[in-house]
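**Student:** The structure's right below; bear with me while I get my questions together.
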Amino acid sequence: MTWPLSQRIQSFKPSATVSISNLASQMRADGKDVINLAVGEPDFDTPAQVIDAAISAMQSGQTRYTHVAGTITLRQAICDKYQRENQLTYHPDQILVSNGAKQSIYNLTVALVEAGDEVIIPAPYWVSYSAMVAMAGAESVIIPCHASQNFKLTATQLSAAITPVTKLLILNSPNNPSGQAYSRAEWLAIGEVLRLHPQVMILSDDIYEHIYWGQEPLVNLLNVCPDLANRCVLVNGVSKAYAMTGWRIGYAAGPKEIISAMTKAQVESSSCASSISQAAALAALEGPQEFLQPMLGAYQQRHDDTVKRLSAMSGLKVIASQGTFYSFVDCSAAITQLGYANDLSLVKDILTHTGVALVPGEAFGLPNHFRLSYAADSAILQQACERLEKFFNR
């Protein structure tokens, strides 16, 4: 029997990311040698003290439900983190711990927007933003931000996009997929526009905060425009910095009434995050941080080596990233030179003929690009670059 599905679900088309992932999986099942540079997670192991804390939590009986918003010890540790690292002051009742930063973003979306509302999303953007907005019944307003502006939203673009029904602005810095981060001057200009439109809430996705090597210190919107704190929600987590993607712990910090509404959304979807994972996240935030610098150094070295090789390939243009573990490559010339219809067809052919899996730019709202992840061993990256060189320089 075929069951009638909701129009909401039927409206979602298979993403380009899923298409590439399915092809890569099939090739591997067929015994093909596939190098997956499409994945968005660290290749490092979770720190030992984090694993030890999880084991200790299980052995000591910390296996029950927690408060929906998270344990008070973890929420306090998150407050301490914001004070220590970002010079921002929060109280535990302004913190919500979720099953990954993704759920934190979803919680805010469903708690805040509805049919008739508009959400501004600069492109390129993380693939799930627009889908979450659609799930909430609202409309995404996508603003293309090209390489000429370092893939970042300008104050002029923002001002032109805001309408009386704009409810939310989503910003991500450092950005997935571009690896670019907003400067203090850029935040100041954006803040000036936002002050003119008090109905607009801001979601700042800071999940790649610790993977940054730009020349000036990394700051977020509230460091530069603290007066916007009453309408800004910061989202972060332990997945990227601490190599804990599978542990599924993210968190949000913001105005008490907004966090309360987000907690209501979480009550009806998943309740609390895993008690074991919360104990592990506590150890990550409060434990030694020395391993972060070597990991960052490895990412930066891989970035430098990979960008140098990509820049020498025919038909590709790439600008240096300031963080994350991605490069967002302009392949428009290669598409034309090699006779492809679009970036998806190019990326599929690259996978078929070289075994290197990439993500097409259309998945991030900016076609004629592809994203390459260097969250892989340097030897594997070197092999992938050799295959790509043969493909593009043929």
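The way I read the labels, and the way they are meant: chains A, B, ... in the order of the structure tokens, residue 1 as the first residue of every chain, and ligand 1 as the first ligand shown, with later ones counted on from there.
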Would you list the contacts of Gly323 (chain A) as an NGL selection string, taking every protein, DNA or RNA residue within 10 Å and counting only C-alpha atoms, but skipping same-chain residues closer than 3 positions in sequence?
**Tutor:** :A and (173-176 or 178-181 or 208-214 or 296 or 299-300 or 303 or 320 or 326-327)
**Student:** Export N, CA, C and O atoms of the chosen residues as a PDB file, in the first residue's frame?
**Tutor:**
```pdb
ATOM      1  N   SER A 173      29.905  32.048  10.642  1.00  0.00           N
ATOM      2  CA  SER A 173      31.271  32.549  10.543  1.00  0.00           C
ATOM      3  C   SER A 173      32.137  31.872  11.604  1.00  0.00           C
ATOM      4  O   SER A 173      31.792  31.946  12.791  1.00  0.00           O
ATOM      5  N   PRO A 174      33.240  31.216  11.184  1.00  0.00           N
ATOM      6  CA  PRO A 174      33.654  30.888   9.827  1.00  0.00           C
ATOM      7  C   PRO A 174      32.596  30.051   9.110  1.00  0.00           C
ATOM      8  O   PRO A 174      31.892  29.259   9.735  1.00  0.00           O
ATOM      9  N   ASN A 175      32.570  30.241   7.795  1.00  0.00           N
ATOM     10  CA  ASN A 175      31.463  29.728   7.004  1.00  0.00           C
ATOM     11  C   ASN A 175      31.733  28.357   6.392  1.00  0.00           C
ATOM     12  O   ASN A 175      32.817  28.082   5.887  1.00  0.00           O
ATOM     13  N   ASN A 176      30.718  27.530   6.459  1.00  0.00           N
ATOM     14  CA  ASN A 176      30.660  26.294   5.681  1.00  0.00           C
ATOM     15  C   ASN A 176      29.723  26.565   4.502  1.00  0.00           C
ATOM     16  O   ASN A 176      28.551  26.871   4.738  1.00  0.00           O
ATOM     17  N   SER A 178      32.550  28.067   2.573  1.00  0.00           N
ATOM     18  CA  SER A 178      33.597  28.921   2.003  1.00  0.00           C
ATOM     19  C   SER A 178      34.851  29.028   2.855  1.00  0.00           C
ATOM     20  O   SER A 178      35.922  29.370   2.351  1.00  0.00           O
ATOM     21  N   GLY A 179      34.722  28.801   4.170  1.00  0.00           N
ATOM     22  CA  GLY A 179      35.867  28.970   5.050  1.00  0.00           C
ATOM     23  C   GLY A 179      36.185  30.411   5.379  1.00  0.00           C
ATOM     24  O   GLY A 179      37.212  30.700   5.990  1.00  0.00           O
ATOM     25  N   GLN A 180      35.296  31.348   5.011  1.00  0.00           N
ATOM     26  CA  GLN A 180      35.534  32.769   5.257  1.00  0.00           C
ATOM     27  C   GLN A 180      34.866  33.209   6.564  1.00  0.00           C
ATOM     28  O   GLN A 180      33.854  32.649   6.969  1.00  0.00           O
ATOM     29  N   ALA A 181      35.452  34.227   7.194  1.00  0.00           N
ATOM     30  CA  ALA A 181      34.930  34.747   8.460  1.00  0.00           C
ATOM     31  C   ALA A 181      34.748  36.252   8.357  1.00  0.00           C
ATOM     32  O   ALA A 181      35.515  36.943   7.682  1.00  0.00           O
ATOM     33  N   TYR A 208      32.285  26.528  13.783  1.00  0.00           N
ATOM     34  CA  TYR A 208      33.687  26.382  13.374  1.00  0.00           C
ATOM     35  C   TYR A 208      34.596  27.397  14.069  1.00  0.00           C
ATOM     36  O   TYR A 208      35.711  27.662  13.602  1.00  0.00           O
ATOM     37  N   GLU A 209      34.137  27.942  15.173  1.00  0.00           N
ATOM     38  CA  GLU A 209      34.845  28.994  15.888  1.00  0.00           C
ATOM     39  C   GLU A 209      36.312  28.655  16.170  1.00  0.00           C
ATOM     40  O   GLU A 209      37.196  29.515  16.052  1.00  0.00           O
ATOM     41  N   HIS A 210      36.596  27.416  16.553  1.00  0.00           N
ATOM     42  CA  HIS A 210      37.953  27.054  16.955  1.00  0.00           C
ATOM     43  C   HIS A 210      38.833  26.631  15.784  1.00  0.00           C
ATOM     44  O   HIS A 210      40.019  26.332  15.987  1.00  0.00           O
ATOM     45  N   ILE A 211      38.267  26.600  14.589  1.00  0.00           N
ATOM     46  CA  ILE A 211      39.067  26.226  13.417  1.00  0.00           C
ATOM     47  C   ILE A 211      39.211  27.482  12.559  1.00  0.00           C
ATOM     48  O   ILE A 211      38.503  27.683  11.570  1.00  0.00           O
ATOM     49  N   TYR A 212      40.143  28.328  12.962  1.00  0.00           N
ATOM     50  CA  TYR A 212      40.294  29.655  12.354  1.00  0.00           C
ATOM     51  C   TYR A 212      41.750  30.071  12.419  1.00  0.00           C
ATOM     52  O   TYR A 212      42.408  29.898  13.449  1.00  0.00           O
ATOM     53  N   TRP A 213      42.267  30.616  11.298  1.00  0.00           N
ATOM     54  CA  TRP A 213      43.655  31.084  11.256  1.00  0.00           C
ATOM     55  C   TRP A 213      43.787  32.426  10.518  1.00  0.00           C
ATOM     56  O   TRP A 213      44.840  32.755   9.977  1.00  0.00           O
ATOM     57  N   GLY A 214      42.713  33.191  10.502  1.00  0.00           N
ATOM     58  CA  GLY A 214      42.758  34.497   9.860  1.00  0.00           C
ATOM     59  C   GLY A 214      43.749  35.430  10.532  1.00  0.00           C
ATOM     60  O   GLY A 214      44.184  35.204  11.669  1.00  0.00           O
ATOM     61  N   LEU A 296      44.522  22.417  14.722  1.00  0.00           N
ATOM     62  CA  LEU A 296      44.371  23.595  13.879  1.00  0.00           C
ATOM     63  C   LEU A 296      45.543  23.715  12.914  1.00  0.00           C
ATOM     64  O   LEU A 296      45.362  24.013  11.724  1.00  0.00           O
ATOM     65  N   TYR A 299      45.118  21.294  10.029  1.00  0.00           N
ATOM     66  CA  TYR A 299      44.122  21.770   9.057  1.00  0.00           C
ATOM     67  C   TYR A 299      44.697  22.881   8.178  1.00  0.00           C
ATOM     68  O   TYR A 299      44.494  22.901   6.962  1.00  0.00           O
ATOM     69  N   GLN A 300      45.411  23.806   8.803  1.00  0.00           N
ATOM     70  CA  GLN A 300      45.950  24.926   8.035  1.00  0.00           C
ATOM     71  C   GLN A 300      46.990  24.439   7.022  1.00  0.00           C
ATOM     72  O   GLN A 300      47.013  24.913   5.880  1.00  0.00           O
ATOM     73  N   HIS A 303      45.208  22.810   4.236  1.00  0.00           N
ATOM     74  CA  HIS A 303      44.581  23.863   3.440  1.00  0.00           C
ATOM     75  C   HIS A 303      45.594  24.497   2.492  1.00  0.00           C
ATOM     76  O   HIS A 303      45.345  24.631   1.295  1.00  0.00           O
ATOM     77  N   ALA A 320      41.930  31.584  -0.738  1.00  0.00           N
ATOM     78  CA  ALA A 320      42.333  30.973   0.524  1.00  0.00           C
ATOM     79  C   ALA A 320      41.226  31.112   1.564  1.00  0.00           C
ATOM     80  O   ALA A 320      40.575  32.153   1.671  1.00  0.00           O
ATOM     81  N   TYR A 326      37.363  23.393   4.748  1.00  0.00           N
ATOM     82  CA  TYR A 326      36.814  23.336   3.409  1.00  0.00           C
ATOM     83  C   TYR A 326      37.465  24.370   2.491  1.00  0.00           C
ATOM     84  O   TYR A 326      37.906  25.435   2.942  1.00  0.00           O
ATOM     85  N   SER A 327      37.467  24.057   1.204  1.00  0.00           N
ATOM     86  CA  SER A 327      37.710  25.032   0.155  1.00  0.00           C
ATOM     87  C   SER A 327      36.499  25.018  -0.767  1.00  0.00           C
ATOM     88  O   SER A 327      35.975  23.946  -1.099  1.00  0.00           O
TER      89      SER A 327
END
```
**Student:** Please provide the set of residues having any atom within 7 Å of Cys232 (chain A), restricted to only C-alpha atoms, with same-chain residues fewer than 2 positions apart removed, written as a PyMOL selection string.
**Tutor:** chain A and resi 201-203+228-230+234+254
**Student:** Using only C-alpha atoms, tabulate the residues of region 181-300 of chain A lying at most 6 Å from any atom of region 52-56 of chain A, each with its closest atom pair and that distance in Å to one decimal, by chain and increasing residue number, as CSV.
**Tutor:**
```
residue,atom,partner,partner_atom,distance
A:Ile276,CA,A:Ala54,CA,5.5
A:Ala279,CA,A:Ala54,CA,6.0
A:Ala280,CA,A:Ala54,CA,5.0
```
**Student:** Of the residues A:Ala273, A:Val219, A:Leu158, A:Met262, which is the one nearest to Leu196 (chain A), using only C-alpha atoms?
**Tutor:**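 Looking only at the distances to Leu196 (chain A), the closest residue turns out to be A:Leu158.
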**Student:** As a PDB file with C-alpha atoms, in the first residue's frame, list the residues of region 66-249 of chain A assigned to alpha helix (DSSP H) by DSSP on the backbone atoms of this structure.
**Tutor:**
```pdb
ATOM      1  CA  ILE A  72      23.076  22.434  35.165  1.00  0.00           C
ATOM      2  CA  THR A  73      26.815  21.610  35.287  1.00  0.00           C
ATOM      3  CA  LEU A  74      27.102  21.555  31.489  1.00  0.00           C
ATOM      4  CA  ARG A  75      25.048  24.719  31.057  1.00  0.00           C
ATOM      5  CA  GLN A  76      27.239  26.472  33.607  1.00  0.00           C
ATOM      6  CA  ALA A  77      30.345  25.231  31.790  1.00  0.00           C
ATOM      7  CA  ILE A  78      28.957  26.700  28.566  1.00  0.00           C
ATOM      8  CA  CYS A  79      28.400  30.027  30.348  1.00  0.00           C
ATOM      9  CA  ASP A  80      31.987  29.854  31.611  1.00  0.00           C
ATOM     10  CA  LYS A  81      33.197  29.116  28.087  1.00  0.00           C
ATOM     11  CA  TYR A  82      31.440  32.182  26.687  1.00  0.00           C
ATOM     12  CA  GLN A  83      32.874  34.365  29.452  1.00  0.00           C
ATOM     13  CA  ARG A  84      36.388  32.954  29.112  1.00  0.00           C
ATOM     14  CA  GLU A  85      36.685  32.756  25.334  1.00  0.00           C
ATOM     15  CA  ASN A  86      34.211  35.337  24.023  1.00  0.00           C
ATOM     16  CA  ALA A 101      24.050  22.313  16.782  1.00  0.00           C
ATOM     17  CA  LYS A 102      21.693  21.259  13.994  1.00  0.00           C
ATOM     18  CA  GLN A 103      18.861  20.697  16.459  1.00  0.00           C
ATOM     19  CA  SER A 104      19.604  24.013  18.150  1.00  0.00           C
ATOM     20  CA  ILE A 105      19.135  25.763  14.807  1.00  0.00           C
ATOM     21  CA  TYR A 106      15.980  23.787  14.078  1.00  0.00           C
ATOM     22  CA  ASN A 107      14.602  24.608  17.540  1.00  0.00           C
ATOM     23  CA  LEU A 108      15.035  28.320  16.899  1.00  0.00           C
ATOM     24  CA  THR A 109      13.506  28.100  13.439  1.00  0.00           C
ATOM     25  CA  VAL A 110      10.317  26.338  14.516  1.00  0.00           C
ATOM     26  CA  ALA A 111      10.014  28.447  17.664  1.00  0.00           C
ATOM     27  CA  LEU A 112      10.340  31.728  15.802  1.00  0.00           C
ATOM     28  CA  SER A 128      20.111  22.498   5.994  1.00  0.00           C
ATOM     29  CA  TYR A 129      19.276  26.150   6.670  1.00  0.00           C
ATOM     30  CA  SER A 130      16.771  26.585   3.855  1.00  0.00           C
ATOM     31  CA  ALA A 131      15.232  23.155   4.464  1.00  0.00           C
ATOM     32  CA  MET A 132      14.580  24.016   8.113  1.00  0.00           C
ATOM     33  CA  VAL A 133      12.948  27.284   7.105  1.00  0.00           C
ATOM     34  CA  ALA A 134      10.699  25.391   4.680  1.00  0.00           C
ATOM     35  CA  MET A 135       9.788  22.876   7.395  1.00  0.00           C
ATOM     36  CA  ALA A 155      25.577  45.623   4.611  1.00  0.00           C
ATOM     37  CA  THR A 156      24.193  46.984   1.336  1.00  0.00           C
ATOM     38  CA  GLN A 157      22.852  43.557   0.348  1.00  0.00           C
ATOM     39  CA  LEU A 158      21.315  43.062   3.770  1.00  0.00           C
ATOM     40  CA  SER A 159      19.608  46.448   3.734  1.00  0.00           C
ATOM     41  CA  ALA A 160      18.090  45.768   0.318  1.00  0.00           C
ATOM     42  CA  ALA A 161      16.805  42.329   1.342  1.00  0.00           C
ATOM     43  CA  ARG A 184      35.153  43.445  12.946  1.00  0.00           C
ATOM     44  CA  ALA A 185      34.498  46.140  10.323  1.00  0.00           C
ATOM     45  CA  GLU A 186      32.056  43.891   8.448  1.00  0.00           C
ATOM     46  CA  TRP A 187      30.155  43.091  11.655  1.00  0.00           C
ATOM     47  CA  LEU A 188      29.958  46.795  12.476  1.00  0.00           C
ATOM     48  CA  ALA A 189      28.414  47.560   9.085  1.00  0.00           C
ATOM     49  CA  ILE A 190      25.903  44.707   9.409  1.00  0.00           C
ATOM     50  CA  GLY A 191      25.036  45.834  12.935  1.00  0.00           C
ATOM     51  CA  GLU A 192      24.238  49.342  11.724  1.00  0.00           C
ATOM     52  CA  VAL A 193      21.674  47.915   9.300  1.00  0.00           C
ATOM     53  CA  LEU A 194      20.125  45.612  11.900  1.00  0.00           C
ATOM     54  CA  ARG A 195      19.588  48.475  14.337  1.00  0.00           C
ATOM     55  CA  LEU A 221      28.504  39.848  16.057  1.00  0.00           C
ATOM     56  CA  LEU A 222      27.955  40.384  19.789  1.00  0.00           C
ATOM     57  CA  ASN A 223      31.617  41.159  20.446  1.00  0.00           C
ATOM     58  CA  VAL A 224      31.255  44.096  18.080  1.00  0.00           C
TER      59      VAL A 224
END
```
**Student:** Closest to Asp93 (chain A) among A:Arg387, A:Lys240, A:Arg394, A:Lys256, using only C-alpha atoms?
**Tutor:**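 Looking at the shortest contact to Asp93 (chain A), the residue is A:Lys256.
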**Student:** DSSP on the backbone, then: every residue of region 131-266 of chain A marked strand (DSSP E), written as a list of chain:residue names.
**Tutor:**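 Those residues are A:Glu139, A:Ser140, A:Val141, A:Ile142, A:Ile143, A:Pro144, A:Thr166, A:Lys167, A:Leu168, A:Leu169, A:Ile170, A:Leu171, A:Asn172, A:Met201, A:Ile202, A:Leu203, A:Ser204, A:Asp205, A:Cys232, A:Val233, A:Leu234, A:Val235, A:Asn236, A:Gly237, A:Gly250, A:Tyr251, A:Ala252, A:Ala253.
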**Student:** Identify which of the residues A:Ala138, A:Ala281, A:Val267, A:Leu169 lies closest to Thr245 (chain A), counting only C-alpha atoms when measuring atom-to-atom distances.
**Tutor:**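 Among the listed residues, A:Ala281 lies closest to Thr245 (chain A).
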**Student:** Pick from A:Gln278, A:Gln7, A:Ser21, A:Ser98: nearest to Arg64 (chain A), with only C-alpha atoms counted?
**Tutor:** A:Gln278
**Student:** Compile the contact shell of Pro360 (chain A) as a list in words: residues with an atom at most 8 Å away, counting only C-alpha atoms, same-chain residues fewer than 4 positions apart removed.
**Tutor:**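 My reading of the contact set: Ala16, Thr17, Asp343, Leu344, Val347, Phe364, Pro367, Asn368, His369, Phe370 and Arg371 of chain A.
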**Student:** Given the selection you just returned, output its residues as a file containing C-alpha atoms, formatted as a compact mmCIF listing (two decimals), in the first residue's frame.
**Tutor:**
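Full text of out-v1.txt as output:
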```txt
# COMPACT_ATOMS: atom_id res chain seq x y z
CA ALA A 16 22.76 17.07 -4.63
CA THR A 17 24.67 15.99 -1.53
CA ASP A 343 28.40 21.69 -11.32
CA LEU A 344 26.42 18.60 -10.33
CA VAL A 347 31.12 16.51 -9.73
CA PHE A 364 25.02 25.42 -0.89
CA PRO A 367 26.15 26.90 -8.39
CA ASN A 368 29.30 26.60 -10.53
CA HIS A 369 31.41 25.72 -7.49
CA PHE A 370 32.29 22.61 -5.54
CA ARG A 371 33.27 22.07 -1.91
```
**Student:** When distances are computed from only C-alpha atoms, which of A:Val127, A:Val39, A:Val356, A:Leu366 shows the smallest separation from Ser15 (chain A)?
**Tutor:**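 Checking each of A:Val127, A:Val39, A:Val356, A:Leu366 against Ser15 (chain A), counting only C-alpha atoms, the winner is A:Val127.
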**Student:** Write out as a PDB file with all heavy atoms, in the first residue's frame each polymer residue whose atoms come within 10 Å of Ala384 (chain A), counting only C-alpha atoms; drop sequence neighbours fewer than 6 positions from it.
**Tutor:**
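Result saved to result-v3.pdb:
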```pdb
ATOM      1  N   VAL A  34      37.392   4.800  -3.570  1.00  0.00           N
ATOM      2  CA  VAL A  34      36.766   6.118  -3.444  1.00  0.00           C
ATOM      3  C   VAL A  34      37.456   6.916  -2.343  1.00  0.00           C
ATOM      4  O   VAL A  34      37.663   6.419  -1.231  1.00  0.00           O
ATOM      5  CB  VAL A  34      35.253   5.991  -3.128  1.00  0.00           C
ATOM      6  CG1 VAL A  34      34.644   7.357  -2.845  1.00  0.00           C
ATOM      7  CG2 VAL A  34      34.528   5.314  -4.285  1.00  0.00           C
ATOM      8  N   ILE A  35      37.830   8.152  -2.657  1.00  0.00           N
ATOM      9  CA  ILE A  35      38.359   9.091  -1.667  1.00  0.00           C
ATOM     10  C   ILE A  35      37.257  10.099  -1.378  1.00  0.00           C
ATOM     11  O   ILE A  35      36.897  10.897  -2.244  1.00  0.00           O
ATOM     12  CB  ILE A  35      39.615   9.813  -2.179  1.00  0.00           C
ATOM     13  CG1 ILE A  35      40.726   8.809  -2.468  1.00  0.00           C
ATOM     14  CG2 ILE A  35      40.086  10.841  -1.151  1.00  0.00           C
ATOM     15  CD1 ILE A  35      41.982   9.440  -3.055  1.00  0.00           C
ATOM     16  N   ASN A  36      36.723  10.057  -0.188  1.00  0.00           N
ATOM     17  CA  ASN A  36      35.566  10.894   0.144  1.00  0.00           C
ATOM     18  C   ASN A  36      36.019  12.226   0.739  1.00  0.00           C
ATOM     19  O   ASN A  36      36.370  12.317   1.915  1.00  0.00           O
ATOM     20  CB  ASN A  36      34.646  10.162   1.117  1.00  0.00           C
ATOM     21  CG  ASN A  36      33.321  10.868   1.294  1.00  0.00           C
ATOM     22  OD1 ASN A  36      33.122  11.982   0.803  1.00  0.00           O
ATOM     23  ND2 ASN A  36      32.396  10.242   1.987  1.00  0.00           N
ATOM     24  N   LEU A  37      36.006  13.265  -0.104  1.00  0.00           N
ATOM     25  CA  LEU A  37      36.307  14.624   0.358  1.00  0.00           C
ATOM     26  C   LEU A  37      35.028  15.450   0.432  1.00  0.00           C
ATOM     27  O   LEU A  37      35.068  16.679   0.399  1.00  0.00           O
ATOM     28  CB  LEU A  37      37.326  15.290  -0.565  1.00  0.00           C
ATOM     29  CG  LEU A  37      38.668  14.568  -0.706  1.00  0.00           C
ATOM     30  CD1 LEU A  37      39.630  15.398  -1.553  1.00  0.00           C
ATOM     31  CD2 LEU A  37      39.289  14.247   0.646  1.00  0.00           C
ATOM     32  N   THR A 306      46.613  22.079  -0.305  1.00  0.00           N
ATOM     33  CA  THR A 306      45.524  21.764  -1.225  1.00  0.00           C
ATOM     34  C   THR A 306      45.169  22.959  -2.106  1.00  0.00           C
ATOM     35  O   THR A 306      44.965  22.812  -3.316  1.00  0.00           O
ATOM     36  CB  THR A 306      44.282  21.290  -0.438  1.00  0.00           C
ATOM     37  OG1 THR A 306      44.635  20.169   0.375  1.00  0.00           O
ATOM     38  CG2 THR A 306      43.167  20.877  -1.389  1.00  0.00           C
ATOM     39  N   THR A 354      37.418   9.464 -11.309  1.00  0.00           N
ATOM     40  CA  THR A 354      38.603   9.563 -10.448  1.00  0.00           C
ATOM     41  C   THR A 354      38.408   8.920  -9.079  1.00  0.00           C
ATOM     42  O   THR A 354      39.380   8.665  -8.381  1.00  0.00           O
ATOM     43  CB  THR A 354      39.006  11.033 -10.221  1.00  0.00           C
ATOM     44  OG1 THR A 354      38.054  11.663  -9.337  1.00  0.00           O
ATOM     45  CG2 THR A 354      39.060  11.799 -11.538  1.00  0.00           C
ATOM     46  N   GLY A 355      37.158   8.706  -8.692  1.00  0.00           N
ATOM     47  CA  GLY A 355      36.894   8.159  -7.369  1.00  0.00           C
ATOM     48  C   GLY A 355      36.970   9.187  -6.259  1.00  0.00           C
ATOM     49  O   GLY A 355      36.950   8.837  -5.079  1.00  0.00           O
ATOM     50  N   VAL A 356      37.046  10.477  -6.612  1.00  0.00           N
ATOM     51  CA  VAL A 356      37.099  11.546  -5.609  1.00  0.00           C
ATOM     52  C   VAL A 356      35.703  12.143  -5.448  1.00  0.00           C
ATOM     53  O   VAL A 356      35.116  12.640  -6.419  1.00  0.00           O
ATOM     54  CB  VAL A 356      38.099  12.649  -6.009  1.00  0.00           C
ATOM     55  CG1 VAL A 356      38.082  13.780  -4.970  1.00  0.00           C
ATOM     56  CG2 VAL A 356      39.509  12.074  -6.139  1.00  0.00           C
ATOM     57  N   ALA A 357      35.166  12.085  -4.236  1.00  0.00           N
ATOM     58  CA  ALA A 357      33.819  12.594  -3.962  1.00  0.00           C
ATOM     59  C   ALA A 357      33.906  14.021  -3.443  1.00  0.00           C
ATOM     60  O   ALA A 357      34.590  14.303  -2.450  1.00  0.00           O
ATOM     61  CB  ALA A 357      33.109  11.710  -2.947  1.00  0.00           C
ATOM     62  N   SER A 378      46.987  13.831   5.109  1.00  0.00           N
ATOM     63  CA  SER A 378      47.704  14.536   4.050  1.00  0.00           C
ATOM     64  C   SER A 378      48.043  13.619   2.876  1.00  0.00           C
ATOM     65  O   SER A 378      47.999  14.054   1.710  1.00  0.00           O
ATOM     66  CB  SER A 378      48.985  15.158   4.610  1.00  0.00           C
ATOM     67  OG  SER A 378      48.682  16.176   5.541  1.00  0.00           O
TER      68      SER A 378
END
```
**Student:** Taking a cut-off of 7 Å and counting only C-alpha atoms, can you build a table that, for each residue of region 159-255 of chain A near region 113-123 of chain A, reports the nearest atom pair and how far apart they are in Å (one decimal), sorted by chain then residue number, as CSV?
**Tutor:**
```
residue,atom,partner,partner_atom,distance
A:Val165,CA,A:Asp117,CA,5.3
A:Thr166,CA,A:Glu118,CA,4.5
A:Lys167,CA,A:Glu118,CA,5.7
A:Leu168,CA,A:Val119,CA,4.8
A:Leu169,CA,A:Ile120,CA,4.8
A:Ile170,CA,A:Ile121,CA,5.4
```
**Student:** Could you name the residues that touch Thr263 (chain A) at 9 Å or less, counting only C-alpha atoms, but leaving out those on the same chain fewer than 4 positions away, as a PyMOL selection string?
**Tutor:** chain A and resi 68-69+96-97+107+111+258-259+267-268+271
**Student:** Produce a file of the selected residues containing all heavy atoms, as a compact mmCIF listing (two decimals), in the first residue's frame.
**Tutor:**
```txt
# COMPACT_ATOMS: atom_id res chain seq x y z
N VAL A 68 15.56 18.97 30.33
CA VAL A 68 15.46 19.10 28.87
C VAL A 68 16.51 20.06 28.32
O VAL A 68 17.10 19.82 27.26
CB VAL A 68 14.05 19.56 28.45
CG1 VAL A 68 14.00 19.89 26.96
CG2 VAL A 68 13.02 18.49 28.79
N ALA A 69 16.80 21.12 29.03
CA ALA A 69 17.76 22.13 28.57
C ALA A 69 19.20 21.70 28.77
O ALA A 69 20.11 22.37 28.30
CB ALA A 69 17.52 23.46 29.28
N LEU A 96 20.58 26.36 26.07
CA LEU A 96 19.86 25.13 25.74
C LEU A 96 20.84 24.16 25.09
O LEU A 96 21.48 24.49 24.08
CB LEU A 96 18.70 25.41 24.78
CG LEU A 96 17.99 24.18 24.20
CD1 LEU A 96 17.39 23.32 25.31
CD2 LEU A 96 16.92 24.60 23.20
N VAL A 97 20.97 22.98 25.67
CA VAL A 97 21.80 21.91 25.12
C VAL A 97 20.92 21.01 24.25
O VAL A 97 19.84 20.58 24.69
CB VAL A 97 22.47 21.09 26.24
CG1 VAL A 97 23.28 19.93 25.66
CG2 VAL A 97 23.34 21.98 27.11
N ASN A 107 15.44 24.13 16.43
CA ASN A 107 14.60 24.61 17.54
C ASN A 107 14.26 26.08 17.39
O ASN A 107 13.12 26.50 17.58
CB ASN A 107 15.32 24.39 18.88
CG ASN A 107 15.35 22.93 19.31
OD1 ASN A 107 14.56 22.12 18.86
ND2 ASN A 107 16.29 22.61 20.18
N ALA A 111 10.54 27.63 16.56
CA ALA A 111 10.01 28.45 17.66
C ALA A 111 9.75 29.88 17.24
O ALA A 111 8.94 30.58 17.86
CB ALA A 111 11.00 28.44 18.83
N ILE A 258 13.55 33.55 24.39
CA ILE A 258 13.75 32.80 23.15
C ILE A 258 14.25 31.39 23.46
O ILE A 258 13.78 30.40 22.88
CB ILE A 258 14.75 33.52 22.22
CG1 ILE A 258 14.18 34.88 21.82
CG2 ILE A 258 15.05 32.68 20.99
CD1 ILE A 258 12.91 34.81 21.00
N ILE A 259 15.20 31.28 24.39
CA ILE A 259 15.69 29.96 24.79
C ILE A 259 14.57 29.13 25.38
O ILE A 259 14.46 27.91 25.15
CB ILE A 259 16.86 30.10 25.79
CG1 ILE A 259 18.08 30.74 25.10
CG2 ILE A 259 17.23 28.75 26.40
CD1 ILE A 259 18.65 29.94 23.95
N VAL A 267 11.26 19.86 23.79
CA VAL A 267 10.46 18.95 24.61
C VAL A 267 9.64 18.01 23.74
O VAL A 267 9.53 16.79 24.00
CB VAL A 267 9.52 19.75 25.54
CG1 VAL A 267 8.44 18.83 26.12
CG2 VAL A 267 10.29 20.40 26.66
N GLU A 268 9.07 18.56 22.67
CA GLU A 268 8.15 17.76 21.84
C GLU A 268 8.85 17.01 20.71
O GLU A 268 8.20 16.29 19.96
CB GLU A 268 7.08 18.69 21.25
CG GLU A 268 6.30 19.48 22.28
CD GLU A 268 5.63 18.62 23.34
OE1 GLU A 268 5.41 17.41 23.09
OE2 GLU A 268 5.34 19.14 24.44
N SER A 271 13.23 15.65 23.69
CA SER A 271 13.53 15.81 25.12
C SER A 271 15.00 16.17 25.28
O SER A 271 15.55 16.92 24.48
CB SER A 271 13.15 14.55 25.90
OG SER A 271 11.75 14.34 25.84
```
**Student:** Using only C-alpha atoms, can you tell me which of A:Ser314, A:Gln301, A:Ser140, A:Ser183 comes closest to Ala376 (chain A)?
**Tutor:**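 Of A:Ser314, A:Gln301, A:Ser140, A:Ser183, the one nearest Ala376 (chain A) is A:Gln301, counting only C-alpha atoms.
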